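Participant: Got a structure for you, work.txt, holding compact mmCIF, C-alpha atoms and all ligand atoms.
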```
# COMPACT_ATOMS: atom_id res chain seq x y z
CA GLN A 26 125.73 89.78 97.07
CA PRO A 27 122.43 87.79 96.98
CA PRO A 28 122.23 85.66 100.16
CA ASN A 29 122.83 82.30 98.46
CA SER A 30 125.60 83.32 96.14
CA GLN A 31 129.02 81.85 96.78
CA THR A 32 131.92 84.15 96.14
CA GLU A 33 134.83 82.67 94.29
CA GLU A 34 136.99 82.87 97.43
CA SER A 35 134.44 81.05 99.58
CA CYS A 36 134.32 78.23 97.01
CA VAL A 37 138.08 77.93 97.12
CA LEU A 38 138.11 78.00 100.91
CA LYS A 39 135.42 75.33 101.11
CA ARG A 40 137.38 73.10 98.77
CA ALA A 41 140.62 73.72 100.65
CA ASP A 42 138.72 72.83 103.84
CA CYS A 43 137.51 69.59 102.25
CA ARG A 44 141.11 68.77 101.34
CA ALA A 45 142.27 69.45 104.91
CA LYS A 46 139.57 67.12 106.24
CA GLY A 47 140.83 64.31 104.04
CA GLY A 48 138.23 64.74 101.28
CA ALA A 49 138.99 64.51 97.58
CA PRO A 50 142.28 66.24 96.85
CA GLY A 51 142.08 69.21 94.53
CA PHE A 52 145.12 70.50 92.71
CA LYS A 53 145.82 74.00 91.47
CA VAL A 54 146.62 74.08 87.77
CA ALA A 55 147.70 76.99 85.53
CA ILE A 56 147.55 77.00 81.74
CA LEU A 57 149.89 79.51 80.08
CA GLY A 58 148.70 80.29 76.54
CA ALA A 59 145.13 79.45 77.59
CA ALA A 60 143.41 81.51 74.88
CA GLY A 61 145.10 79.70 72.00
CA GLY A 62 144.11 76.87 69.72
CA ILE A 63 145.34 74.26 72.22
CA GLY A 64 144.76 76.41 75.30
CA GLN A 65 140.98 76.79 74.94
CA PRO A 66 139.98 73.13 74.57
CA LEU A 67 142.65 72.24 77.14
CA ALA A 68 141.11 74.70 79.60
CA MET A 69 137.67 73.21 78.95
CA LEU A 70 138.89 69.65 79.51
CA MET A 71 140.84 70.59 82.67
CA LYS A 72 137.69 72.28 84.04
CA MET A 73 136.04 68.85 83.69
CA ASN A 74 138.82 67.07 85.60
CA PRO A 75 137.72 66.20 89.15
CA LEU A 76 141.32 66.35 90.40
CA VAL A 77 141.45 70.10 89.69
CA SER A 78 140.14 72.51 92.36
CA VAL A 79 141.54 75.77 90.96
CA LEU A 80 142.25 76.54 87.29
CA HIS A 81 144.23 79.64 86.34
CA LEU A 82 144.03 80.74 82.69
CA TYR A 83 146.86 83.02 81.55
CA ASP A 84 147.51 84.50 78.12
CA VAL A 85 148.61 87.80 76.59
CA VAL A 86 145.21 88.12 74.82
CA ASN A 87 141.54 87.17 75.29
CA THR A 88 141.61 85.49 78.70
CA PRO A 89 138.61 87.47 80.08
CA GLY A 90 136.32 85.95 77.44
CA VAL A 91 137.69 82.42 77.71
CA THR A 92 137.51 82.59 81.53
CA ALA A 93 133.90 83.87 81.56
CA ASP A 94 132.90 81.14 79.12
CA ILE A 95 134.61 78.22 80.87
CA GLY A 96 133.69 79.56 84.31
CA HIS A 97 130.00 78.81 83.58
CA MET A 98 130.60 75.06 83.34
CA ASP A 99 128.97 73.33 86.32
CA THR A 100 132.04 71.35 87.34
CA GLY A 101 134.07 71.74 90.55
CA ALA A 102 137.14 73.76 89.61
CA VAL A 103 137.17 77.48 90.34
CA VAL A 104 138.40 79.35 87.23
CA ARG A 105 140.33 82.62 87.27
CA GLY A 106 141.67 84.55 84.28
CA PHE A 107 144.93 86.52 84.04
CA LEU A 108 145.81 88.84 81.16
CA GLY A 109 149.28 90.00 80.18
CA GLN A 110 152.72 90.00 81.73
CA PRO A 111 151.82 92.14 84.80
CA GLN A 112 149.40 89.36 85.90
CA LEU A 113 151.77 86.43 85.30
CA GLU A 114 152.96 86.23 88.91
CA ASN A 115 149.41 86.10 90.30
CA ALA A 116 148.56 83.44 87.74
CA LEU A 117 151.43 81.26 88.93
CA THR A 118 151.49 81.71 92.69
CA GLY A 119 150.55 78.54 94.56
CA MET A 120 150.22 76.30 91.50
CA ASP A 121 150.85 72.52 91.71
CA LEU A 122 150.97 71.97 87.94
CA VAL A 123 151.72 74.44 85.12
CA ILE A 124 150.87 73.47 81.53
CA ILE A 125 152.51 75.58 78.78
CA PRO A 126 150.99 75.63 75.29
CA ALA A 127 152.06 79.29 74.69
CA GLY A 128 153.80 80.15 71.45
CA VAL A 129 153.43 80.21 67.68
CA PRO A 130 152.41 77.11 65.70
CA ARG A 131 153.75 75.88 62.35
CA LYS A 132 152.42 76.71 58.90
CA PRO A 133 152.87 74.41 55.86
CA GLY A 134 156.52 74.20 54.78
CA MET A 135 157.92 75.00 58.24
CA THR A 136 159.75 72.67 60.61
CA ARG A 137 159.22 72.84 64.36
CA ASP A 138 162.75 74.25 64.58
CA ASP A 139 161.61 77.27 62.53
CA LEU A 140 159.58 78.26 65.64
CA PHE A 141 162.71 78.32 67.80
CA ASN A 142 163.49 82.04 67.83
CA ILE A 143 160.08 83.30 68.88
CA ASN A 144 159.05 80.43 71.16
CA ALA A 145 162.40 80.29 72.97
CA GLY A 146 161.81 83.82 74.27
CA ILE A 147 158.22 83.06 75.30
CA VAL A 148 159.20 79.89 77.18
CA ARG A 149 162.09 81.65 78.88
CA THR A 150 159.88 84.45 80.24
CA LEU A 151 157.21 82.03 81.46
CA CYS A 152 159.78 79.77 83.16
CA GLU A 153 161.34 82.74 84.92
CA GLY A 154 157.88 83.39 86.36
CA ILE A 155 157.54 79.76 87.45
CA ALA A 156 160.98 79.82 89.13
CA LYS A 157 159.91 82.88 91.08
CA CYS A 158 156.29 82.06 91.99
CA CYS A 159 155.82 78.27 92.05
CA PRO A 160 159.29 76.67 91.96
CA ASN A 161 157.92 73.33 93.18
CA ALA A 162 155.24 73.01 90.51
CA ILE A 163 155.34 70.21 87.95
CA VAL A 164 155.80 71.77 84.48
CA ASN A 165 154.26 70.21 81.34
CA LEU A 166 155.93 71.94 78.38
CA ILE A 167 154.06 71.72 75.06
CA SER A 168 155.51 74.71 73.13
CA ASN A 169 157.61 73.71 70.13
CA PRO A 170 160.30 72.84 69.36
CA VAL A 171 160.00 70.65 72.48
CA ASN A 172 163.44 69.13 71.78
CA SER A 173 164.93 72.61 72.41
CA THR A 174 162.38 74.33 74.69
CA VAL A 175 162.83 71.72 77.45
CA PRO A 176 166.63 72.32 77.59
CA ILE A 177 165.92 76.08 77.60
CA ALA A 178 163.52 75.70 80.54
CA ALA A 179 166.08 73.56 82.40
CA GLU A 180 168.71 76.29 82.00
CA VAL A 181 166.30 79.00 83.22
CA PHE A 182 165.51 76.93 86.33
CA LYS A 183 169.22 76.17 86.90
CA LYS A 184 170.04 79.85 86.73
CA ALA A 185 167.29 80.60 89.26
CA GLY A 186 168.54 77.77 91.52
CA THR A 187 165.19 75.94 91.36
CA TYR A 188 165.90 73.16 88.85
CA ASP A 189 164.52 69.76 89.75
CA PRO A 190 164.82 67.52 86.67
CA LYS A 191 161.93 65.35 87.89
CA ARG A 192 159.51 68.27 87.66
CA LEU A 193 160.20 69.36 84.08
CA LEU A 194 158.42 67.24 81.48
CA GLY A 195 158.26 67.84 77.72
CA VAL A 196 154.88 66.64 76.47
CA THR A 197 155.25 63.93 73.79
CA MET A 198 151.90 62.33 74.58
CA LEU A 199 150.44 63.26 71.19
CA ASP A 200 152.97 60.96 69.52
CA VAL A 201 151.75 58.10 71.72
CA VAL A 202 148.09 58.99 71.07
CA ARG A 203 148.73 58.97 67.31
CA ALA A 204 150.76 55.77 67.49
CA ASN A 205 147.97 54.00 69.44
CA THR A 206 145.40 55.19 66.87
CA PHE A 207 147.37 54.22 63.75
CA VAL A 208 148.55 50.85 65.14
CA ALA A 209 145.02 49.99 66.31
CA GLU A 210 143.78 50.66 62.76
CA VAL A 211 146.32 48.19 61.33
CA LEU A 212 145.62 45.55 64.01
CA GLY A 213 141.84 45.98 63.82
CA LEU A 214 141.67 46.72 67.57
CA HIS A 215 140.08 49.46 69.67
CA PRO A 216 142.78 52.12 70.35
CA LYS A 217 142.21 51.74 74.11
CA GLU A 218 143.48 48.16 73.87
CA VAL A 219 146.78 49.28 72.30
CA ASP A 220 149.89 50.68 73.98
CA VAL A 221 152.79 51.88 71.81
CA PRO A 222 155.91 53.27 73.52
CA VAL A 223 157.26 56.26 71.58
CA VAL A 224 160.78 57.36 72.56
CA GLY A 225 163.41 59.92 71.52
CA GLY A 226 162.02 63.41 71.02
CA HIS A 227 159.19 65.33 69.38
CA ALA A 228 160.17 66.18 65.77
CA GLY A 229 160.50 64.10 62.61
CA VAL A 230 163.01 61.27 62.91
CA THR A 231 163.53 61.96 66.62
CA ILE A 232 160.03 60.49 67.14
CA LEU A 233 160.76 56.76 67.44
CA PRO A 234 157.83 54.39 67.94
CA LEU A 235 158.93 51.02 69.32
CA LEU A 236 156.61 48.74 67.37
CA SER A 237 158.48 45.66 68.65
CA GLN A 238 157.17 46.53 72.13
CA VAL A 239 153.52 47.13 71.22
CA LYS A 240 150.96 45.76 73.65
CA PRO A 241 149.25 43.42 72.96
CA PRO A 242 152.32 41.68 71.46
CA SER A 243 151.99 42.04 67.67
CA SER A 244 154.09 41.49 64.60
CA PHE A 245 154.24 43.78 61.59
CA THR A 246 155.58 43.22 58.08
CA PRO A 247 158.59 45.36 57.10
CA GLU A 248 156.24 47.45 54.93
CA GLU A 249 153.78 47.96 57.82
CA THR A 250 156.67 48.91 60.12
CA GLU A 251 157.98 51.47 57.64
CA ASN A 252 154.54 52.97 56.91
CA LEU A 253 153.48 53.14 60.56
CA THR A 254 156.79 54.65 61.68
CA LYS A 255 156.66 57.32 58.97
CA ARG A 256 153.01 58.16 59.64
CA ILE A 257 153.67 58.56 63.39
CA GLN A 258 156.77 60.69 62.71
CA ASP A 259 154.89 62.87 60.22
CA GLY A 260 151.59 63.06 62.15
CA GLY A 261 152.08 66.72 63.04
CA THR A 262 152.89 67.62 59.43
CA GLU A 263 149.80 65.71 58.24
CA VAL A 264 147.64 68.03 60.39
CA VAL A 265 149.58 71.19 59.46
CA GLN A 266 149.04 70.44 55.76
CA ALA A 267 145.36 69.59 56.21
CA LYS A 268 144.80 72.86 58.11
CA ALA A 269 146.48 74.66 55.18
CA GLY A 270 147.84 77.69 57.03
CA ALA A 271 145.36 77.73 59.93
CA GLY A 272 147.85 76.25 62.41
CA SER A 273 148.76 72.81 63.71
CA ALA A 274 147.13 70.14 65.86
CA THR A 275 145.03 71.72 68.60
CA LEU A 276 142.13 69.38 69.47
CA SER A 277 144.06 66.10 69.53
CA MET A 278 146.83 67.99 71.36
CA ALA A 279 144.42 69.27 74.00
CA TYR A 280 143.18 65.69 74.45
CA ALA A 281 146.76 64.41 74.75
CA ALA A 282 147.76 67.24 77.11
CA VAL A 283 144.85 66.45 79.44
CA LYS A 284 145.64 62.75 79.35
CA PHE A 285 149.20 63.58 80.37
CA ALA A 286 148.27 66.24 82.95
CA ASP A 287 145.77 63.85 84.54
CA ALA A 288 148.54 61.25 84.85
CA CYS A 289 150.78 63.88 86.52
CA LEU A 290 147.98 64.77 88.97
CA ARG A 291 147.33 61.11 89.80
CA GLY A 292 151.06 60.78 90.44
CA LEU A 293 150.97 63.88 92.68
CA ARG A 294 148.04 62.32 94.58
CA GLY A 295 150.23 59.29 95.27
CA ASP A 296 148.60 56.76 92.93
CA ALA A 297 150.84 53.78 92.21
CA GLY A 298 151.91 52.60 88.75
CA VAL A 299 151.26 55.79 86.74
CA VAL A 300 153.51 55.42 83.68
CA GLU A 301 153.57 57.57 80.52
CA CYS A 302 156.13 58.63 77.90
CA ALA A 303 157.70 62.09 78.31
CA PHE A 304 160.79 64.04 77.22
CA VAL A 305 162.83 64.43 80.41
CA ALA A 306 166.35 64.73 81.79
CA SER A 307 167.65 61.24 81.25
CA GLU A 308 170.61 58.87 81.53
CA VAL A 309 169.06 56.29 79.22
CA THR A 310 171.33 57.42 76.34
CA GLU A 311 174.38 59.69 76.22
CA LEU A 312 172.05 62.67 75.59
CA PRO A 313 171.01 64.86 78.56
CA PHE A 314 167.32 64.70 77.58
CA PHE A 315 165.38 61.86 76.00
CA ALA A 316 161.78 60.65 75.88
CA THR A 317 161.01 57.23 77.34
CA LYS A 318 158.40 55.85 79.67
CA VAL A 319 158.58 57.48 83.11
CA ARG A 320 156.83 56.67 86.37
CA LEU A 321 154.94 59.69 87.67
CA GLY A 322 154.74 60.24 91.42
CA ARG A 323 154.53 62.94 94.08
CA ARG A 324 157.82 64.46 92.90
CA GLY A 325 157.13 64.25 89.16
CA ALA A 326 159.06 61.83 86.93
CA GLU A 327 160.34 59.70 89.80
CA GLU A 328 161.69 56.91 87.64
CA VAL A 329 162.94 57.03 84.05
CA TYR A 330 162.69 53.64 82.36
CA GLN A 331 165.27 52.10 80.03
CA LEU A 332 164.49 51.54 76.34
CA GLY A 333 164.09 47.77 76.57
CA PRO A 334 165.07 45.40 73.73
CA LEU A 335 165.11 47.01 70.25
CA ASN A 336 165.06 45.27 66.87
CA GLU A 337 167.48 46.17 64.06
CA TYR A 338 165.04 48.67 62.45
CA GLU A 339 164.65 50.48 65.79
CA ARG A 340 168.41 50.44 66.50
CA VAL A 341 169.04 52.23 63.17
CA GLY A 342 166.19 54.66 63.95
CA LEU A 343 167.63 55.33 67.39
CA GLU A 344 171.02 56.37 65.98
CA ARG A 345 169.32 58.72 63.49
CA ALA A 346 167.08 60.14 66.22
CA LYS A 347 170.00 60.77 68.60
CA LYS A 348 171.97 62.64 65.93
CA GLU A 349 169.19 65.18 65.29
CA LEU A 350 168.17 65.32 68.93
CA ALA A 351 171.74 66.13 70.04
CA GLU A 352 171.73 69.22 67.79
CA SER A 353 168.31 70.44 68.97
CA ILE A 354 169.21 69.99 72.64
CA GLN A 355 172.51 71.76 72.14
CA LYS A 356 170.79 74.64 70.35
CA GLY A 357 168.48 75.18 73.33
CA LEU A 358 171.24 74.92 75.92
CA LEU A 359 173.60 77.23 74.02
CA GLN A 360 170.98 79.86 73.31
CA GLN A 361 170.13 80.07 76.98
CA LYS A 362 173.79 80.06 78.12
CA ASP A 363 174.61 82.84 75.63
CA LEU A 364 172.04 85.03 77.35
CA GLN A 365 173.60 84.57 80.79
P1 LIG A 401 148.02 79.37 68.99
O1 LIG A 401 148.71 80.45 68.25
O2 LIG A 401 146.63 79.02 68.60
O3 LIG A 401 147.99 79.71 70.53
C1 LIG A 401 149.13 80.11 71.23
C2 LIG A 401 148.71 81.02 72.35
O4 LIG A 401 149.89 81.41 73.04
C3 LIG A 401 148.00 82.31 71.86
O5 LIG A 401 146.76 82.47 72.53
C4 LIG A 401 148.97 83.40 72.23
O6 LIG A 401 148.35 84.62 72.60
C5 LIG A 401 149.68 82.77 73.41
N1 LIG A 401 150.95 83.43 73.73
C6 LIG A 401 151.86 83.97 72.89
N2 LIG A 401 152.85 84.54 73.60
C7 LIG A 401 152.56 84.33 74.90
C8 LIG A 401 153.20 84.68 76.11
N3 LIG A 401 154.36 85.36 76.13
N4 LIG A 401 152.60 84.32 77.27
C9 LIG A 401 151.44 83.63 77.27
N5 LIG A 401 150.79 83.29 76.15
C10 LIG A 401 151.35 83.63 74.99
O7 LIG A 401 148.98 78.07 68.91
P2 LIG A 401 148.59 76.56 69.31
O8 LIG A 401 148.08 75.87 68.12
O9 LIG A 401 147.81 76.59 70.56
O10 LIG A 401 150.08 75.97 69.59
C11 LIG A 401 150.84 76.43 70.65
C12 LIG A 401 152.21 75.76 70.67
O11 LIG A 401 152.08 74.35 70.92
C13 LIG A 401 152.98 75.87 69.36
O12 LIG A 401 154.34 76.14 69.62
C14 LIG A 401 152.84 74.49 68.73
O13 LIG A 401 153.88 74.18 67.84
C15 LIG A 401 152.88 73.63 69.98
N6 LIG A 401 152.36 72.28 69.84
C16 LIG A 401 153.01 71.28 70.48
C17 LIG A 401 152.54 69.99 70.41
C18 LIG A 401 153.24 68.88 71.14
O14 LIG A 401 152.96 67.71 70.85
N7 LIG A 401 154.11 69.15 72.09
C19 LIG A 401 151.38 69.71 69.67
C20 LIG A 401 150.73 70.75 69.03
C21 LIG A 401 151.23 72.05 69.12
C1 LIG A 402 152.33 68.09 66.45
O1 LIG A 402 153.02 67.08 66.54
O2 LIG A 402 151.17 68.08 65.98
C2 LIG A 402 152.86 69.38 66.99
O3 LIG A 402 154.20 69.27 67.34
C3 LIG A 402 152.60 70.55 66.08
C4 LIG A 402 153.39 70.52 64.81
O4 LIG A 402 153.96 71.56 64.46
O5 LIG A 402 153.44 69.49 64.14
```
Starting from the coordinates I provided, produce the structure as structure tokens.
Ligand code: NAD
Ligand code: LMR
Facilitator:
Amino acid sequence: QPPNSQTEESCVLKRADCRAKGGAPGFKVAILGAAGGIGQPLAMLMKMNPLVSVLHLYDVVNTPGVTADIGHMDTGAVVRGFLGQPQLENALTGMDLVIIPAGVPRKPGMTRDDLFNINAGIVRTLCEGIAKCCPNAIVNLISNPVNSTVPIAAEVFKKAGTYDPKRLLGVTMLDVVRANTFVAEVLGLHPKEVDVPVVGGHAGVTILPLLSQVKPPSSFTPEETENLTKRIQDGGTEVVQAKAGAGSATLSMAYAAVKFADACLRGLRGDAGVVECAFVASEVTELPFFATKVRLGRRGAEEVYQLGPLNEYERVGLERAKKELAESIQKGLLQQKDLQ
């Protein structure tokens, strides 16, 4: 070693030392599926996040290249790559937050549910690893169909005896990001000034934007309400069609995933008032999982908020959303139970 070079381990130790002395906290984050369309920009953006001290990149292909590339960025996080199933346990050990964008994306003409068979198996294997190696980590699950993969993950954790509903969060942040963008366009505002709660789930009619609760308080014509709701519900399909066979949303998803992961890390740090929408175990409706606003804290989704007042259009949408969501949740739970 040249005299001034810092080995990876010494960097980690120095940062851990800083943490012990009350310096800036650094969290350990793993991305599973890190070489994919979402995984690569997500890894880049997480390497730029000052709350991250260690970043583990796991995939079944191409992680050495992605890790070498991202590892040259002159930001604080130490990056390590892990390739293939035999390295999964090392990738996961000691992690505070695990983000999962592993799995196949849609092509034109497919629904998210068409991804169920292949992605269910991928999510199951990865969650078994989490249960074994970092059972206390917060899990951000991106792989589709989220409405079914979250129930699958819950069953895997239950079977392993590690399930904590607060720590398992399906990522629906992209629906909120899209809703903020599209509503801001209509209102003539900067998207940063707009906050649209999006509840339900993450597929078609299960995506329910609550336009009556938009901040700043705004009113929409029936036509605007219908057009905005449909565009938000079909946002994923809009990207799938535009990409014409080359996959689904990756860049906006990486942005949304980092926005959500950063909120989880601020919650873990103990920041007050961190609130985002996520698909979580819930008693807000009769369904066992539902997306609403949640307060993120040291233990994950520490508080799940109620829906708040809905108008007639939203009440009808809620009934339609619950019907489809019930089937997708049941499909995930049953598939996992059948395997036990
Ligand atoms: P992609 O095909 O570009 O990348 C997926 C990556 O997962 C690949 O690098 C692949 O090697 C990896 N992978 C496959 N099996 C794996 C395993 N067993 N372990 C670890 N890694 C594995 O796909 P993408 O565009 O990045 O999308 C990934 C998933 O995210 C898809 O299911 C997609 O539908 C979903 N998605 C969800 C949202 C959301 O809002 N929740 C948004 C966009 C995409
Ligand atoms: C999205 O909303 O963009 C993702 O769920 C990907 C998809 O298949 O639409």
Participant: Mind working out the centre and edge lengths of an axis-aligned box for ligand LIG 402 (chain A), all listed atoms inside, 6 Å added to each side, rounded to one decimal in Å and written as lines of an AutoDock Vina configuration file?
Facilitator:
```
center_x = 152.7
center_y = 69.3
center_z = 65.7
size_x = 15.0
size_y = 16.5
size_z = 15.2
```
Participant: Which chains and residue numbers are within 7 Å of ligand LIG 402 (chain A), counting all atoms listed in the file, if I want them as a list in words?
Facilitator: Pro130, Arg131, Arg137, Asn169, Leu199, Asp200, His227, Ala228, Gly260, Gly261, Thr262, Val264, Val265, Ser273, Ala274 and Met278 of chain A
Participant: Taking all atoms listed in the file into account, report as an NGL selection string which residues have an atom no farther than 7 Å from an atom of ligand LIG 401 (chain A).
Facilitator: :A and (57-64 or 83-86 or 126-131 or 137 or 140 or 144 or 147 or 150-151 or 167-171 or 196-200 or 227 or 272-275 or 278)
Participant: Take the selection from the previous step and output its residues with C-alpha atoms, as an mmCIF file, in the coordinates of the input.
Facilitator:
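Output saved as result01.cif:
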```cif
data_model
loop_
_atom_site.group_PDB
_atom_site.id
_atom_site.type_symbol
_atom_site.label_atom_id
_atom_site.label_comp_id
_atom_site.auth_asym_id
_atom_site.auth_seq_id
_atom_site.Cartn_x
_atom_site.Cartn_y
_atom_site.Cartn_z
ATOM 1 C CA LEU A 57 149.890 79.510 80.080
ATOM 2 C CA GLY A 58 148.700 80.290 76.540
ATOM 3 C CA ALA A 59 145.130 79.450 77.590
ATOM 4 C CA ALA A 60 143.410 81.510 74.880
ATOM 5 C CA GLY A 61 145.100 79.700 72.000
ATOM 6 C CA GLY A 62 144.110 76.870 69.720
ATOM 7 C CA ILE A 63 145.340 74.260 72.220
ATOM 8 C CA GLY A 64 144.760 76.410 75.300
ATOM 9 C CA TYR A 83 146.860 83.020 81.550
ATOM 10 C CA ASP A 84 147.510 84.500 78.120
ATOM 11 C CA VAL A 85 148.610 87.800 76.590
ATOM 12 C CA VAL A 86 145.210 88.120 74.820
ATOM 13 C CA PRO A 126 150.990 75.630 75.290
ATOM 14 C CA ALA A 127 152.060 79.290 74.690
ATOM 15 C CA GLY A 128 153.800 80.150 71.450
ATOM 16 C CA VAL A 129 153.430 80.210 67.680
ATOM 17 C CA PRO A 130 152.410 77.110 65.700
ATOM 18 C CA ARG A 131 153.750 75.880 62.350
ATOM 19 C CA ARG A 137 159.220 72.840 64.360
ATOM 20 C CA LEU A 140 159.580 78.260 65.640
ATOM 21 C CA ASN A 144 159.050 80.430 71.160
ATOM 22 C CA ILE A 147 158.220 83.060 75.300
ATOM 23 C CA THR A 150 159.880 84.450 80.240
ATOM 24 C CA LEU A 151 157.210 82.030 81.460
ATOM 25 C CA ILE A 167 154.060 71.720 75.060
ATOM 26 C CA SER A 168 155.510 74.710 73.130
ATOM 27 C CA ASN A 169 157.610 73.710 70.130
ATOM 28 C CA PRO A 170 160.300 72.840 69.360
ATOM 29 C CA VAL A 171 160.000 70.650 72.480
ATOM 30 C CA VAL A 196 154.880 66.640 76.470
ATOM 31 C CA THR A 197 155.250 63.930 73.790
ATOM 32 C CA MET A 198 151.900 62.330 74.580
ATOM 33 C CA LEU A 199 150.440 63.260 71.190
ATOM 34 C CA ASP A 200 152.970 60.960 69.520
ATOM 35 C CA HIS A 227 159.190 65.330 69.380
ATOM 36 C CA GLY A 272 147.850 76.250 62.410
ATOM 37 C CA SER A 273 148.760 72.810 63.710
ATOM 38 C CA ALA A 274 147.130 70.140 65.860
ATOM 39 C CA THR A 275 145.030 71.720 68.600
ATOM 40 C CA MET A 278 146.830 67.990 71.360
#
```
Participant: Find, counting all atoms listed in the file, the residue in A:Leu253, A:Ala116, A:Val123, A:Ala162 that gets nearest to Arg192 of chain A.
Facilitator: A:Ala162
Participant: Tell me which of A:Gly333, A:Gly342, A:Pro89, A:Pro313 sits closest to Arg105 of chain A, counting only C-alpha atoms.
Facilitator: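 For Arg105 of chain A, the nearest of the candidates is A:Pro89.
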Participant: Do you have the atom CA of Ala209 of chain A-atom CA of Pro133 of chain A distance handy?
Facilitator: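 That distance, rounded to one decimal, is 27.7 Å.
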Participant: With distances taken over all atoms listed in the file, which residue among A:Leu82, A:Ala281, A:Leu233, A:Ala145 lies nearest Lys53 of chain A?
Facilitator: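 Closest candidate: A:Leu82.
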Participant: Measuring atom to atom with all atoms listed in the file, identify which of A:Cys289, A:Val300, A:Val201, A:Ile232 is nearest to Lys217 of chain A.
Facilitator: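 For Lys217 of chain A, the nearest of the candidates is A:Val201.
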Participant: With distances taken over only C-alpha atoms, which residue among A:Leu193, A:Ala306, A:Ala55, A:Val299 lies nearest Thr118 of chain A?
Facilitator: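 The answer is A:Ala55, which sits nearest to Thr118 of chain A.
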Participant: Between A:Lys183, A:Thr254, A:Lys132, A:Arg291, single out the one closest to Arg324 of chain A, counting all atoms listed in the file.
Facilitator: A:Arg291
Participant: Using atom CA of Val148 of chain A and atom CA of Lys362 of chain A as the two end points, give the distance in Å to one decimal.
Facilitator: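 Separating atom CA of Val148 of chain A from atom CA of Lys362 of chain A is a distance of 14.6 Å.
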